[in-house]
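As stored in upload.txt (compact mmCIF, C-alpha atoms):
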# COMPACT_ATOMS: atom_id res chain seq x y z
CA MET A 39 -7.28 1.11 -10.98
CA LYS A 40 -4.91 0.89 -13.92
CA ALA A 41 -1.58 -0.69 -13.07
CA HIS A 42 1.06 1.29 -14.90
CA TYR A 43 4.41 -0.27 -15.67
CA PHE A 44 6.80 2.07 -13.86
CA LYS A 45 10.22 2.06 -15.50
CA ILE A 46 13.11 2.55 -13.11
CA ASP A 47 16.35 3.41 -14.87
CA GLN A 48 19.00 0.73 -14.77
CA PHE A 49 21.61 1.25 -12.08
CA GLU A 50 25.06 -0.23 -11.72
CA VAL A 51 25.13 -0.28 -7.93
CA PRO A 52 23.31 -3.11 -6.10
CA PHE A 53 20.43 -0.81 -5.17
CA ARG A 54 19.21 2.73 -5.63
CA VAL A 55 18.06 5.16 -2.95
CA GLN A 56 15.40 7.75 -3.74
CA VAL A 57 13.96 10.40 -1.42
CA ASP A 58 10.54 11.71 -2.45
CA GLU A 59 9.53 15.05 -0.97
CA LEU A 60 6.34 16.13 -2.73
CA PRO A 61 2.91 17.71 -2.18
CA TYR A 62 1.43 14.16 -2.28
CA PHE A 63 2.64 10.67 -3.13
CA TYR A 64 2.70 9.30 -6.70
CA ASN A 65 -0.94 8.34 -7.10
CA LYS A 66 -1.00 5.79 -9.93
CA TYR A 67 -1.33 2.06 -9.33
CA HIS A 68 1.93 0.71 -10.75
CA TYR A 69 4.49 -2.08 -10.68
CA HIS A 70 8.13 -2.67 -11.66
CA PRO A 71 10.61 -5.59 -11.72
CA GLN A 72 12.68 -4.27 -8.80
CA ASN A 73 11.93 -5.01 -5.15
CA GLN A 74 11.01 -1.86 -3.23
CA LEU A 75 11.52 -0.73 0.34
CA THR A 76 9.49 2.37 1.28
CA TYR A 77 9.63 4.23 4.59
CA ILE A 78 6.87 6.80 5.17
CA GLU A 79 8.65 9.66 6.90
CA LYS A 80 5.82 12.17 6.51
CA GLY A 81 2.23 11.74 5.33
CA THR A 82 -0.87 9.61 5.79
CA GLY A 83 -3.20 7.85 3.40
CA THR A 84 -4.50 4.59 2.01
CA TYR A 85 -2.43 1.92 0.31
CA LEU A 86 -3.52 -0.59 -2.30
CA ILE A 87 -1.00 -3.42 -2.59
CA GLY A 88 -2.13 -6.18 -4.91
CA ASN A 89 -5.69 -6.72 -3.71
CA LYS A 90 -5.18 -5.45 -0.16
CA ILE A 91 -6.35 -2.08 1.12
CA GLY A 92 -5.15 -0.49 4.35
CA ARG A 93 -3.97 2.69 6.02
CA PHE A 94 -0.41 3.97 6.18
CA ALA A 95 0.99 6.58 8.54
CA GLU A 96 4.27 8.24 9.45
CA GLY A 97 6.79 5.68 10.63
CA ASP A 98 5.44 2.77 8.58
CA MET A 99 7.74 0.66 6.45
CA PHE A 100 6.76 -1.44 3.42
CA VAL A 101 8.82 -4.01 1.54
CA LEU A 102 7.31 -4.99 -1.81
CA GLY A 103 8.31 -7.82 -4.10
CA SER A 104 9.08 -7.71 -7.79
CA HIS A 105 6.08 -6.99 -10.08
CA LEU A 106 3.73 -6.47 -7.11
CA PRO A 107 1.32 -3.65 -8.11
CA HIS A 108 0.86 -0.94 -5.51
CA VAL A 109 0.00 2.67 -4.82
CA PHE A 110 0.22 4.91 -1.73
CA MET A 111 -2.72 7.31 -2.03
CA SER A 112 -2.37 10.44 0.08
CA ASP A 113 -5.39 11.63 2.05
CA ASP A 114 -7.59 14.31 0.48
CA LYS A 115 -6.09 17.04 2.65
CA TYR A 116 -2.73 16.77 0.82
CA PHE A 117 -4.43 17.63 -2.48
CA THR A 118 -6.39 20.58 -1.06
CA ASP A 119 -3.48 21.95 1.00
CA GLN A 120 -0.25 21.22 -0.81
CA GLN A 121 1.74 23.06 1.85
CA LEU A 122 1.38 19.99 4.08
CA GLY A 123 3.67 17.87 1.93
CA VAL A 124 4.80 14.24 2.17
CA ARG A 125 8.20 12.57 2.37
CA SER A 126 9.39 9.00 1.90
CA VAL A 127 12.71 7.19 1.64
CA ASN A 128 12.68 4.47 -1.03
CA VAL A 129 15.19 1.76 -1.87
CA PHE A 130 14.91 -0.16 -5.15
CA PHE A 131 16.91 -3.36 -5.43
CA THR A 132 16.90 -6.33 -7.76
CA PRO A 133 15.65 -9.76 -6.59
CA ASP A 134 19.13 -11.17 -7.31
CA PHE A 135 20.82 -8.62 -5.05
CA PHE A 136 22.98 -11.51 -3.86
CA SER A 137 24.02 -14.31 -6.18
CA ASP A 138 22.62 -17.79 -5.53
CA LYS A 139 26.06 -19.05 -4.53
CA ILE A 140 26.43 -16.43 -1.82
CA LEU A 141 22.93 -17.12 -0.49
CA PHE A 142 23.96 -20.67 0.30
CA ILE A 143 26.19 -19.23 3.04
CA GLU A 144 24.41 -20.00 6.30
CA GLU A 145 24.70 -16.44 7.64
CA LEU A 146 22.77 -15.10 4.64
CA SER A 147 20.00 -17.71 4.51
CA ALA A 148 17.71 -15.38 6.47
CA PHE A 149 18.01 -12.80 3.68
CA LYS A 150 16.87 -15.36 1.12
CA ASP A 151 13.83 -16.27 3.26
CA PHE A 152 13.05 -12.58 3.77
CA ILE A 153 13.09 -11.85 0.02
CA SER A 154 10.74 -14.79 -0.51
CA LEU A 155 8.27 -13.27 1.98
CA THR A 156 8.33 -9.90 0.21
CA LYS A 157 6.72 -11.44 -2.88
CA ALA A 158 3.40 -10.87 -1.14
CA GLY A 159 4.51 -7.63 0.50
CA LEU A 160 5.34 -6.85 4.10
CA GLN A 161 4.21 -3.97 6.29
CA PHE A 162 6.06 -2.87 9.43
CA ASN A 163 4.20 -0.45 11.69
CA SER A 164 6.28 2.19 13.50
CA PHE A 165 9.67 1.08 12.18
CA SER A 166 12.11 1.52 15.07
CA LYS A 167 15.37 2.04 13.13
CA LYS A 168 14.37 5.26 11.41
CA GLU A 169 17.71 6.90 12.22
CA ILE A 170 19.46 4.34 9.98
CA LEU A 171 17.11 5.21 7.12
CA SER A 172 17.70 8.90 7.63
CA ASP A 173 21.42 8.28 7.21
CA LEU A 174 21.11 6.07 4.12
CA PRO A 175 20.67 8.79 1.43
CA GLN A 176 23.88 10.52 2.61
CA LYS A 177 25.98 7.36 2.61
CA GLU A 178 28.23 6.49 -0.32
CA GLY A 179 30.06 3.43 -1.60
CA PHE A 180 30.62 0.53 0.80
CA SER A 181 29.14 2.48 3.72
CA ARG A 182 25.82 2.73 1.86
CA ILE A 183 25.74 -1.04 1.32
CA VAL A 184 26.49 -1.69 5.00
CA CYS A 185 23.74 0.73 6.02
CA PHE A 186 21.26 -0.99 3.69
CA LEU A 187 22.13 -4.41 5.10
CA GLU A 188 21.64 -3.09 8.65
CA ILE A 189 18.12 -2.03 7.66
CA ILE A 190 17.36 -5.44 6.16
CA GLU A 191 18.77 -7.15 9.26
CA SER A 192 16.51 -5.09 11.52
CA LEU A 193 13.48 -5.94 9.36
CA ILE A 194 14.27 -9.65 9.48
CA ALA A 195 14.51 -9.49 13.28
CA SER A 196 11.34 -7.40 13.66
CA LYS A 197 8.33 -9.03 15.30
CA ASN A 198 6.10 -6.16 14.24
CA LYS A 199 5.36 -7.22 10.68
CA ALA A 200 2.32 -8.42 8.82
CA LEU A 201 1.62 -9.85 5.40
CA ALA A 202 0.42 -6.96 3.30
CA ILE A 203 -1.83 -8.97 0.96
CA ASP A 204 -4.07 -12.00 1.43
CA VAL A 205 -3.32 -13.76 -1.85
CA LEU A 206 -0.28 -13.45 -4.09
CA TYR A 207 -1.06 -10.88 -6.74
CA LYS A 208 1.88 -10.58 -9.07
CA MET A 209 1.52 -8.66 -12.31
CA GLU A 210 3.76 -9.39 -15.25
CA GLU A 211 1.28 -7.64 -17.57
CA PRO A 212 -1.74 -5.45 -16.80
CA ASN A 213 -5.22 -7.01 -16.57
CA PRO A 214 -7.38 -4.46 -18.48
CA LYS A 215 -10.68 -5.46 -16.85
CA MET A 216 -9.30 -5.33 -13.31
CA GLU A 217 -7.60 -2.01 -14.07
CA LYS A 218 -10.91 -0.56 -15.24
CA LEU A 219 -12.73 -1.85 -12.14
CA TYR A 220 -10.15 -0.45 -9.71
CA LEU A 221 -10.15 2.93 -11.44
CA PHE A 222 -13.96 3.11 -11.48
CA THR A 223 -14.19 2.14 -7.80
CA PHE A 224 -11.67 4.70 -6.56
CA GLU A 225 -13.29 7.44 -8.60
CA ASN A 226 -16.87 6.62 -7.56
CA PHE A 227 -16.86 4.93 -4.13
CA LYS A 228 -18.41 8.00 -2.49
CA SER A 229 -21.55 7.46 -4.60
CA LYS A 230 -23.93 4.51 -4.78
CA ILE A 231 -22.47 1.66 -6.86
CA SER A 232 -24.62 -1.31 -7.85
CA LEU A 233 -23.36 -4.79 -8.67
CA SER A 234 -25.09 -4.64 -12.05
CA GLU A 235 -23.21 -1.40 -12.83
CA VAL A 236 -19.74 -2.87 -12.30
CA ALA A 237 -20.74 -6.14 -13.98
CA ASP A 238 -21.75 -4.18 -17.10
CA LEU A 239 -18.49 -2.26 -16.92
CA ALA A 240 -16.54 -5.52 -17.01
CA GLY A 241 -18.81 -7.04 -19.67
CA TYR A 242 -20.27 -9.84 -17.53
CA SER A 243 -23.57 -10.93 -16.09
CA GLU A 244 -23.77 -10.33 -12.33
CA ASN A 245 -23.15 -13.99 -11.53
CA ALA A 246 -20.20 -14.28 -13.93
CA PHE A 247 -18.75 -11.01 -12.65
CA CYS A 248 -18.82 -12.21 -9.04
CA LYS A 249 -16.86 -15.33 -10.02
CA PHE A 250 -14.42 -13.28 -12.11
CA PHE A 251 -13.68 -10.77 -9.34
CA LYS A 252 -13.34 -13.45 -6.66
CA LYS A 253 -10.96 -15.45 -8.85
CA ASN A 254 -8.74 -12.43 -9.48
CA THR A 255 -8.71 -10.93 -5.99
CA GLY A 256 -9.67 -13.64 -3.50
CA GLN A 257 -12.59 -11.53 -2.23
CA THR A 258 -16.01 -10.31 -3.36
CA TYR A 259 -16.47 -6.95 -5.03
CA VAL A 260 -18.81 -5.79 -2.25
CA ASN A 261 -16.13 -6.56 0.33
CA PHE A 262 -13.51 -4.71 -1.73
CA LEU A 263 -15.80 -1.68 -2.08
CA ASN A 264 -16.51 -1.66 1.66
CA GLU A 265 -12.78 -1.74 2.40
CA VAL A 266 -12.19 1.26 0.13
CA ARG A 267 -14.98 3.14 1.90
CA ILE A 268 -13.82 2.24 5.41
CA SER A 269 -10.25 3.28 4.58
CA HIS A 270 -11.60 6.67 3.51
CA ALA A 271 -13.68 6.86 6.71
CA LEU A 272 -10.55 6.24 8.78
CA SER A 273 -8.92 9.27 7.18
CA LEU A 274 -12.00 11.46 7.81
CA LEU A 275 -12.07 10.44 11.48
CA GLN A 276 -8.73 12.18 11.94
CA ASP A 277 -10.84 15.33 12.22
CA PRO A 278 -12.16 15.38 15.83
CA LEU A 279 -15.01 17.72 14.85
CA LYS A 280 -16.31 15.49 12.07
CA SER A 281 -19.63 13.85 12.94
CA ILE A 282 -19.94 10.08 12.51
CA THR A 283 -22.98 10.58 10.29
CA ASP A 284 -21.05 12.88 7.96
CA VAL A 285 -18.14 10.41 7.86
CA ALA A 286 -20.48 7.58 6.89
CA TYR A 287 -22.20 9.40 4.05
CA GLU A 288 -19.04 11.07 2.77
CA SER A 289 -17.48 7.60 2.54
CA GLY A 290 -20.30 6.25 0.37
CA PHE A 291 -22.45 4.42 2.91
CA GLN A 292 -26.20 4.80 2.45
CA ASN A 293 -27.22 4.02 6.03
CA MET A 294 -25.63 4.17 9.46
CA SER A 295 -26.29 0.58 10.50
CA ASN A 296 -24.32 -0.79 7.54
CA PHE A 297 -21.51 1.71 8.14
CA ASN A 298 -21.21 0.75 11.81
CA ARG A 299 -21.29 -2.94 10.94
CA GLN A 300 -18.62 -2.68 8.24
CA PHE A 301 -16.45 -0.39 10.37
CA PHE A 302 -16.52 -2.84 13.28
CA LYS A 303 -15.77 -5.73 10.92
CA LYS A 304 -12.66 -3.93 9.65
CA THR A 305 -11.36 -2.42 12.91
CA ASN A 306 -13.04 -4.39 15.72
CA ILE A 307 -14.17 -1.09 17.26
CA ASN A 308 -17.09 1.26 16.59
CA PRO A 309 -16.48 4.58 14.76
CA LYS A 310 -17.13 6.91 17.68
CA THR A 311 -14.87 4.98 20.04
CA TYR A 312 -12.17 4.94 17.35
CA GLN A 313 -12.42 8.71 16.91
CA LEU A 314 -12.28 9.36 20.66
CA LYS A 315 -9.27 7.06 21.14
CA LEU A 316 -7.49 8.61 18.18
CA HIS A 317 -7.73 12.09 19.64
CA SER A 318 -7.02 11.15 23.23
CA LEU A 319 -3.51 10.02 22.42
Will you turn the file into structure tokens for me?
Amino acid sequence: MKAHYFKIDQFEVPFRVQVDELPYFYNKYHYHPQNQLTYIEKGTGTYLIGNKIGRFAEGDMFVLGSHLPHVFMSDDKYFTDQQLGVRSVNVFFTPDFFSDKILFIEELSAFKDFISLTKAGLQFNSFSKKEILSDLPQKEGFSRIVCFLEIIESLIASKNKALAIDVLYKMEEPNPKMEKLYLFTFENFKSKISLSEVADLAGYSENAFCKFFKKNTGQTYVNFLNEVRISHALSLLQDPLKSITDVAYESGFQNMSNFNRQFFKKTNINPKTYQLKLHSL
């Protein structure tokens, strides 16, 4: 998927708050020099952060480092029924939010360590301080800064966080071949895709392509493709009436045994059990 450079207008204050209330989230793989904090207030879908694919849901928080390419792709239902709508609270702030001299103060050393971790992206499931985030857009001046620091403090103290990507994937400039491969995969994963097809697309032999993709992403193309398909399957399983067979084939799998195997590998549970648990909550 093409990583677009996303220009964020310069701002004089230490950070900028942006509330997005739209039919669906901005759906282009992009990056920018500012750090980004995104709270998903309404909406579900699949994220691609660097080389990592996963699901996001209401209540999730993401903190992304400078130049880390990402996209939050809304589920299909948001494109077919735009009355559903999505909402997120976003904070953009520069990596040098605090000066180096201030960061040497012992009380602020945790902030410096936290910013270092965000280079690879952090995900917080079911962020507990959502009321602070709800207040942030209405705050002004010094009160807004205090509110922002309270959010950062709660994230630093949170035990419920995970590294969003497996290998550091920072983009100063787009990689045209990887962009083309991502775009092709997300547009065609529901159909059969052969290794020779994507190798030709990138201009490599199959063997050379496998080395190229592994070097750039830390994983094989087949594994990446399976993750895209399983992420789509997870969204389809939100429908309690959807059959497992339909979910498998609509996600691009050609046989049930491979679908079940890949689903278990990703979630450590079989599809039917996942669907039943999801709708028994």
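Shell of segment 174-179 of chain A at 8 Å, with all atoms listed in the file counted and residues fewer than 3 places along the chain excluded, is A:Val55, A:Gln56, A:Val57, A:Ile170, A:Leu171, A:Arg182, A:Ile183, A:Cys185, A:Phe186.
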Pick from A:Ala95, A:Ala158, A:Ala148, A:Leu279 nearest to Gln74 of chain A, counting all atoms listed in the file: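 When distances to Gln74 of chain A are compared using all atoms listed in the file, the smallest one comes from A:Ala158.
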Residues near segment 285-291 of chain A, cut-off 8 Å, all atoms listed in the file, skip fewer than 6 positions along chain, as a list in words: Phe227, Lys228, Ser229, Lys230, Arg267, Ile268, His270, Ala271, Leu274, Leu275 and Phe297 of chain A
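Nearest to Lys303 of chain A of all the residues A:Asn245, A:Thr82, A:Asn261, A:Gln161 is A:Asn261, counting only C-alpha atoms.
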Length of the atom CA of Glu217 of chain A to atom CA of Lys66 of chain A vector [Å]: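 Taking atom CA of Glu217 of chain A and atom CA of Lys66 of chain A, their separation equals 11.0 Å.
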Among listed residues A:Gln276, A:Ile194, A:Phe117, A:Tyr64, nearest Leu314 of chain A (using only C-alpha atoms): A:Gln276
Long-range neighbours of Met111 of chain A as a ChimeraX atom specification, 9 Å cut-off, all atoms listed in the file, 2 positions minimum in chain: /A:62-66,82-86,109,113-114
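Closest approach to Leu60 of chain A from the set A:Leu122, A:Ile91, A:Leu102, A:Ala240 is made by A:Leu122, with distances taken over all atoms listed in the file.
Atom CA of Ser181 of chain A is found 23.8 Å from atom CA of Glu59 of chain A.
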Interatomic distance, atom CA of Pro278 of chain A to atom CA of Thr223 of chain A (Å, one decimal): 27.2 Å
Long-range neighbours of Lys310 of chain A as a ChimeraX atom specification, 9 Å cut-off, only C-alpha atoms, 5 positions minimum in chain: /A:275,281-282,315
Repaired coordinates for segment 53-64 of chain A (N, CA and C atoms) as an mmCIF file, in the coordinates of the input:
data_model
loop_
_atom_site.group_PDB
_atom_site.id
_atom_site.type_symbol
_atom_site.label_atom_id
_atom_site.label_comp_id
_atom_site.auth_asym_id
_atom_site.auth_seq_id
_atom_site.Cartn_x
_atom_site.Cartn_y
_atom_site.Cartn_z
ATOM 1 N N PHE A 53 21.754 -1.351 -5.454
ATOM 2 C CA PHE A 53 20.430 -0.810 -5.170
ATOM 3 C C PHE A 53 20.455 0.700 -5.378
ATOM 4 N N ARG A 54 19.278 1.286 -5.448
ATOM 5 C CA ARG A 54 19.210 2.730 -5.630
ATOM 6 C C ARG A 54 18.339 3.349 -4.548
ATOM 7 N N VAL A 55 18.793 4.460 -3.991
ATOM 8 C CA VAL A 55 18.060 5.160 -2.950
ATOM 9 C C VAL A 55 17.397 6.399 -3.556
ATOM 10 N N GLN A 56 16.142 6.599 -3.217
ATOM 11 C CA GLN A 56 15.400 7.750 -3.740
ATOM 12 C C GLN A 56 14.580 8.375 -2.626
ATOM 13 N N VAL A 57 14.749 9.665 -2.410
ATOM 14 C CA VAL A 57 13.960 10.400 -1.420
ATOM 15 C C VAL A 57 12.900 11.203 -2.157
ATOM 16 N N ASP A 58 11.631 10.969 -1.834
ATOM 17 C CA ASP A 58 10.540 11.710 -2.450
ATOM 18 C C ASP A 58 9.978 12.717 -1.457
ATOM 19 N N GLU A 59 10.084 13.975 -1.786
ATOM 20 C CA GLU A 59 9.530 15.050 -0.970
ATOM 21 C C GLU A 59 8.620 15.854 -1.887
ATOM 22 N N LEU A 60 7.301 15.638 -1.752
ATOM 23 C CA LEU A 60 6.340 16.130 -2.730
ATOM 24 C C LEU A 60 5.077 16.652 -2.032
ATOM 25 N N PRO A 61 4.187 17.305 -2.777
ATOM 26 C CA PRO A 61 2.910 17.710 -2.180
ATOM 27 C C PRO A 61 2.072 16.491 -1.765
ATOM 28 N N TYR A 62 2.134 15.419 -2.575
ATOM 29 C CA TYR A 62 1.430 14.160 -2.280
ATOM 30 C C TYR A 62 2.166 13.034 -2.995
ATOM 31 N N PHE A 63 1.933 11.800 -2.556
ATOM 32 C CA PHE A 63 2.640 10.670 -3.130
ATOM 33 C C PHE A 63 2.164 10.361 -4.548
ATOM 34 N N TYR A 64 3.030 9.751 -5.339
ATOM 35 C CA TYR A 64 2.700 9.300 -6.700
ATOM 36 C C TYR A 64 1.424 8.468 -6.626
#
